[in-house]
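Here's the structure we're looking at; comments come further down.
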Amino acid sequence: MSVTATALSLTPGTAEGVKPLLEAIASLSSAPLAEIAQRLHEAILPYLHSTALVIFTEDCTGRPQKKSGDEAVISQVSIAELDAIKATLSGDEKWQGQAPIGGREHPVLALPSPTNALLVLVDPRPVTGGSGAEPAGQETAVPWLVRYLWNLAAERIREKVADAPPSYLIESRAASAERVRVTAELVDRHSTTLETLLAALRAPSLADEAARKSATDLAAKALVELRTVNDRTTELVEEPVATAFQRLREDLRPLMHFSGIDVQFIEPPVNGRALPGEVAHAARAIVRGLVLAMVEQPDVRRIRTQWDCDGENLLINVRDDGQGNLSREAPSIVRLVQRVEVLDGRMTIDLMKGWGADVAVTLPLDPPERKLPDVGAWNLGDRELEVLQLLAAGQRNRAIAAMLHVSENTVKFHLRNIYRKLGATSRTEAIALAHSNGLR
């Protein structure tokens with residue numbers, strides 16, 4: 001069935017029916033990361049209704065969740081809930097059933113994607129006759145257009161992260177570090193509580209052995225789950241170098257299959273240092289871009305890609321067997337150089353006429369040290385400095401307003417001035433800058 005025919009079967013009318021679909025595709029293709037969940041939600045609404053939509057992606061280490069819809073759901077949804085749903089998936093098949101999401105049981109529909117991202121639709125219902133949504137039976141049919149739009153959004157997320165500006169990477173790293181810190185604190189606090197509970201329940205002086213055993217098993221299970229959440233959070237922030245390289249091989253497998261090019265992979269050391277999430281994703285995007293640029297040259301039959309790690313940097317080498325005609329000025333190569341520079345890395349290209357192109361990339365694993373001004377150089381007023389100190393201490397706007405006996409609007413006014421003076425683009429970046437200058 002053709003695209004046009006399928007679209008028309010799902011949307012009434014002819015040209016008027018196709019137009020909203022094309023507008024939705026254009027909107028998703030240009031969506032910034034902050035709006036992609038909302039645009040996807042709007043795009044699939046004519047074909048499949050849901051009260052809330054959640055995207056769970058490992059490409060965004062700072063913000064792995066992107067949400068739209070019912071505030072009661074999206075404000076409470078957790079990574080642990082999404083992980084549990086993802087664990088039920090088998091390959092590229094959808095999963096539908098009852099699951100905890102946002103702290104309550106809901107009917108959910110989960111769809112995977114080729115980029116390893118997960119789409120969760122809460123309270124899914126089919127749209128019939130263009131007149132609204134009707135309750136479904138045991139299974140909700142997923143129109144192929146919904147899958148198409150979801151895969152487009154997932155690919156857009158991966159592209160945006162790979163091509164992220166320095167400000168996004170700084171914020172992502174700050175958010176990742178903060179999430180690790182908070183999770184570690186939760187683990188310490190709850191582990192102490194549960195271990196104390198276990199010690200009490202195991203005490204021989206307590207009666208009712210059956211009740212004690214039941215409570216002991218329950219507490220032990222809670223400890224395991226808590227440790228699992230901590231491990232999962234760490235996995236989102238860092239990725240083993242061997243795992244990251246294997247994902248690169250999977251990304252390039254379709255090209256190897258259809259182009260006839262022999263792409264050879266030199267494995268990195270298995271025990272190499274884990275890669276920060278943003279470095280791993282950017283590295284895969286850089287290699288994919290280099291391979292695609294090399295394939296476009298005539299007479300290329302073999303490409304070799306190699307990763308290594310010296311403890312401080314990810315070392316990438318990509319080499320072809322062409323005639324050495326790879327252009328440094330090609331727009332695709334220029335964009336790759338910019339991606340490398342975003343991570344404070346270096347790219348060198350050696351062209352050997354008749355022998356091919358040899359590209360070496362060095363990506364630091366740690367964020368670069370930023371030359372930040374002293375607090376005094378920010379020229380903050382006394383009240384602005386008080387607001388920044390409370391912000392750096394983790395206080396929200398309402399709490400800051402109460403502590404300073406001002407309105408929330410006044411706090412927001414001071415925050416806008418603080419962001420401008422610090423050169424920060426977000427709350428997270430302002431906190432990171434304050435911490436770097438000793439404000440806690």
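Chain labels A, B, ... are given in the sequence in which chains occur in the structure tokens; within each chain residues are numbered consecutively from 1, and ligands are likewise numbered from 1 in the order shown.
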
Name all residues at most 10 Å from range 415-418 of chain A (count only C-alpha atoms; drop same-chain ones fewer than 5 positions away) and give them as a PyMOL selection string.
-> chain A and resi 378-381+384-385+387-388+391+397+409-410+423-427+430

Shortest interatomic distance to Val146 in chain A - which of A:Leu33, A:Ile85, A:Ala222, A:Ile25, counting only C-alpha atoms |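 Nearest to Val146 in chain A: A:Ile25.
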
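In this model, the gap between CA of Leu275 in chain A and CA of Ala244 in chain A comes to 8.0 Å.
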
Contacts of range 264-289 of chain A with range 328-342 of chain A up to 9 Å, shortest pair per row, only C-alpha atoms, as a Markdown table:
| residue | atom | partner | partner_atom | distance |
| --- | --- | --- | --- | --- |
| A:Ala282 | CA | A:Arg339 | CA | 7.4 |
| A:Ala283 | CA | A:Val340 | CA | 8.5 |
| A:Ala285 | CA | A:Leu336 | CA | 8.6 |
| A:Ile286 | CA | A:Leu336 | CA | 6.0 |
| A:Gly289 | CA | A:Leu336 | CA | 7.0 |

Among range 201-342 of chain A, which residues carry a DSSP assignment of strand (DSSP E), reported as a list of chain:residue names?
-> A:Glu238, A:Glu239, A:Asp262, A:Val263, A:Gln264, A:Phe265, A:Ile266, A:Leu275, A:Pro276, A:Arg302, A:Ile303, A:Arg304, A:Thr305, A:Gln306, A:Trp307, A:Asp308, A:Cys309, A:Asn313, A:Leu314, A:Leu315, A:Ile316, A:Asn317, A:Val318, A:Arg319, A:Asp320

Would you please work out which residue, of A:Ser27, A:Ser407, A:Thr243, A:Gln306, is nearest to Gly277 in chain A when using only C-alpha atoms?
-> A:Thr243

7 Å contact set for range 51-55 of chain A, only C-alpha atoms, chain neighbours under 5 positions out, as a list in words |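 Surrounding residues, per the criterion: Ala37, His41, Gln65, Lys66, Lys67, Ser68, Gly69, Asp70, Val73, Leu118, Leu119, Val120, Leu121, Val122 and Asp123 of chain A.
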
Could you check how far CA of Gly311 in chain A sits from CA of Gln246 in chain A, in Å to one decimal?
->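 Separating CA of Gly311 in chain A from CA of Gln246 in chain A is a distance of 19.4 Å.
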
Residues flagged helix (DSSP H, G or I) by DSSP in range 9-107 of chain A, as a PyMOL selection string | chain A and resi 9-10+15-29+33-44+71-74+79-87

6 Å contact set for His49 in chain A, only C-alpha atoms, chain neighbours under 3 positions out, as a short mmCIF file (atom, residue, chain, number, x, y, z; two decimals) with N, CA and C atoms, in the first residue's frame:
data_model
loop_
_atom_site.label_atom_id
_atom_site.label_comp_id
_atom_site.auth_asym_id
_atom_site.auth_seq_id
_atom_site.Cartn_x
_atom_site.Cartn_y
_atom_site.Cartn_z
N LEU A 45 -2.08 12.24 17.47
CA LEU A 45 -3.42 12.34 18.01
C LEU A 45 -4.52 11.98 17.00
N PRO A 124 -4.11 4.47 26.05
CA PRO A 124 -4.25 4.55 24.59
C PRO A 124 -5.64 4.13 24.14
N ARG A 125 -6.19 4.83 23.16
CA ARG A 125 -7.49 4.50 22.59
C ARG A 125 -7.46 4.78 21.10
#

note - CA of Arg158 in chain A and CA of Lys19 in chain A are separated by 26.5 Å

Near-Trp307 in chain A list (9 Å; only C-alpha atoms; drop same-chain fewer than 2 positions) as a ChimeraX atom specification = /A:241,245,265-269,305,309,314-318

Find the spatial neighbours of Gly354 in chain A, counting only C-alpha atoms, within a cut-off of 12 Å - ignore same-chain residues fewer than 4 positions away - and output them as a PyMOL selection string.
-> chain A and resi 298-300+320-326

Taking N, CA and C atoms for each residue, export the selection above as a compact mmCIF listing (two decimals), in the first residue's frame.
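Output file out34.txt is given in full below:
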# COMPACT_ATOMS: atom_id res chain seq x y z
N PRO A 298 34.52 7.61 -5.00
CA PRO A 298 34.66 6.47 -5.91
C PRO A 298 35.83 5.58 -5.48
N ASP A 299 35.73 4.33 -5.85
CA ASP A 299 36.82 3.35 -5.65
C ASP A 299 37.08 2.99 -4.19
N VAL A 300 36.17 3.32 -3.28
CA VAL A 300 36.34 2.88 -1.90
C VAL A 300 35.68 1.52 -1.74
N ASP A 320 40.04 4.78 4.98
CA ASP A 320 39.49 4.10 3.80
C ASP A 320 40.63 3.73 2.86
N ASP A 321 40.27 2.95 1.80
CA ASP A 321 41.28 2.52 0.83
C ASP A 321 41.06 3.19 -0.53
N GLY A 322 40.48 4.41 -0.49
CA GLY A 322 40.21 5.14 -1.73
C GLY A 322 41.45 5.81 -2.30
N GLN A 323 41.21 6.86 -3.08
CA GLN A 323 42.29 7.56 -3.76
C GLN A 323 42.76 8.82 -3.02
N GLY A 324 42.30 9.01 -1.80
CA GLY A 324 42.74 10.18 -1.02
C GLY A 324 42.06 11.45 -1.46
N ASN A 325 40.77 11.34 -1.87
CA ASN A 325 40.06 12.51 -2.39
C ASN A 325 39.05 13.09 -1.40
N LEU A 326 39.06 12.64 -0.16
CA LEU A 326 38.12 13.17 0.82
C LEU A 326 38.37 14.66 1.02

Just the residues within 8 Å of Pro276 in chain A, please, counting only C-alpha atoms, with nothing from its chain fewer than 5 positions along; format it as an mmCIF file with N, CA and C atoms, in the first residue's frame.
data_model
loop_
_atom_site.group_PDB
_atom_site.id
_atom_site.type_symbol
_atom_site.label_atom_id
_atom_site.label_comp_id
_atom_site.auth_asym_id
_atom_site.auth_seq_id
_atom_site.Cartn_x
_atom_site.Cartn_y
_atom_site.Cartn_z
ATOM 1 N N VAL A 237 24.372 7.574 32.828
ATOM 2 C CA VAL A 237 25.369 8.631 32.794
ATOM 3 C C VAL A 237 26.641 8.166 32.094
ATOM 4 N N GLU A 238 26.992 6.880 32.244
ATOM 5 C CA GLU A 238 28.199 6.334 31.632
ATOM 6 C C GLU A 238 27.863 5.070 30.850
ATOM 7 N N GLU A 239 28.670 4.796 29.840
ATOM 8 C CA GLU A 239 28.456 3.620 29.009
ATOM 9 C C GLU A 239 29.799 2.912 28.820
ATOM 10 N N LEU A 365 37.432 12.623 27.802
ATOM 11 C CA LEU A 365 36.361 11.987 28.557
ATOM 12 C C LEU A 365 35.847 12.860 29.686
ATOM 13 N N ASP A 366 36.622 13.840 30.094
ATOM 14 C CA ASP A 366 36.198 14.747 31.161
ATOM 15 C C ASP A 366 35.884 16.111 30.559
#
